[in-house]
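Chemist: Got a structure for you, questions after.
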Amino acid sequence: MPEKKIFIFDTTLRDGEQVPGCKLNSREKIEIALQLEALGVDVLEAGFPISSPGDFQSVDEISRILRNATVCGLSRAVEKDIETAARALKHAKHPRIHTGIGTSDFHIKSKFNATREEILQRAIQAVKWAKSYVDDVEFYAEDAGRTDNDYLARVIEGVIAAGATVVNIPDTTGYCLPNQYGDKIAYLMNNVKNIDKAVISCHCHNDLGLATANSIAGIMNGARQIECTINGLGERAGNTSLEEVVMVIRQHKHLGFYTGIRTQELNPMSRLVSDTMRVPVQPNKAIVGANAFSHSSGIHQDGFLKDASTYEIINPDEVGADGSKIVLTARSGRSALAFRLHRLGYPYSRNDIDVLYERFLQIADNKKEVVEEDLHQMAKAYSGSTVNA
Ligand code: KIV
Ligand code: ZN
């Protein structure tokens, strides 16, 4: 049994909901929150309470309902934000305030027109305010991916000394390469003298398609929490996808990590989020896409039918998917055709299949996919021709 738990922090209802057109009402948020808790997430970021009365209400209602997961509310490093987050979380069994500020020079100069020293003091002050309301305080160093490591280490040391229990190192712009992000976490592990007093969290965006790889690099270098969303939803190109990191950790047990996620719930969870937020899942999406367990080319189908592990590294049942599919297209071979016909109750011999295959190719060349109805028609025409012969 791997010994290190990776905490899964889900931000579908906060960063995920920042996707244009994905705004949810309180009832929809509660439905998703309950399902996320059943999925086994450790922390659920329910919203940004100061941002709107609706968000405040959702965080408040989710706080009253959840019993196992920690409920988290986002704030800026602003006293009013923090006080509002604390009020929204008042009824949570396990409340966490997530506060922070931009630490890269891009943020310090362009956004705040401030100095590094001033931002360090504001970060420490924000954690102190949050700590006066709750024990569990997470600090985010926005744009940590592009923050100078030496300065970042000073900020992280300061906020831990002020009481932060979790320190979030966001690659806000999705800029880092996996080795850069991993090195950043290793740098903090080696240069922040009180780092053992807090959990390091990875919060990666997917602008270059590297969010999952960067999060995994983060935990391989000492981080113990991953912030992620269902279906990888989130600002711009999205956040780290929950289903991907969970299955990477499960597939690569030799890394020595585990999560508390009930993986059989991943596909139902993905469907609920996709339907409620009205964002379709791309068919080739890892783990939860419609084609994640579909085999269409003849070579793959033949190998898969001999032994599923030839072309599948995950059993679809393990992630609650509908099952593996043998899709019939013009690229499919005889074994796939025989398999699908046998499954429909036509136990044709090899010789029959050789004849049927020619007809199959004619149909397949004119259609994107040969479906059950086509197979029944083929079988009917074939039995007619053999009876008349
Ligand atoms: O991407 C980011 O930096 C964020 C923070 C607010 C945590 O979402
Ligand atoms: Zn983010």
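For the structure tokens, the naming scheme is as follows: chains receive sequential letters (A, B, ...) according to their order of presentation, residues are indexed from 1 within each chain, and ligands are indexed from 1 in presentation order.
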Would you kindly return, as a PyMOL selection string, each protein, DNA or RNA residue with an atom no farther than 6 Å from any atom of stretch 47-64 of chain A, considering only C-alpha atoms and excluding same-chain residues fewer than 3 positions away?

Modeler: chain A and resi 14+26+73-74+81+84-85+88-89+91-92

Chemist: Which chains and residue numbers are within 9 Å of ligand 1, counting only C-alpha atoms and all ligand atoms, if I want them as an MDAnalysis selection string?

Modeler: chainID A and resid 11 14:15 74:76 98:102 139:144 168:174 203:205 227 234:235 239

Chemist: Counting only C-alpha atoms, which residue out of A:Ser296, A:Asn231, A:Thr165, A:Asn221 sits closest to A:Leu266?

Modeler: A:Asn231

Chemist: Give me, as a ChimeraX atom specification, the residues of stretch 78-298 of chain A that a backbone DSSP run labels strand (DSSP E).

Modeler: /A:95-102,137-142,166-171,199-204,225-228,257-258,294-295

Chemist: Choose the residue, out of A:His300, A:His252, A:Arg236, A:Arg343, that has the smallest atom-to-atom separation from ligand 2; count only C-alpha atoms and all ligand atoms.

Modeler: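 The closest residue to ligand 2 is A:Arg236.
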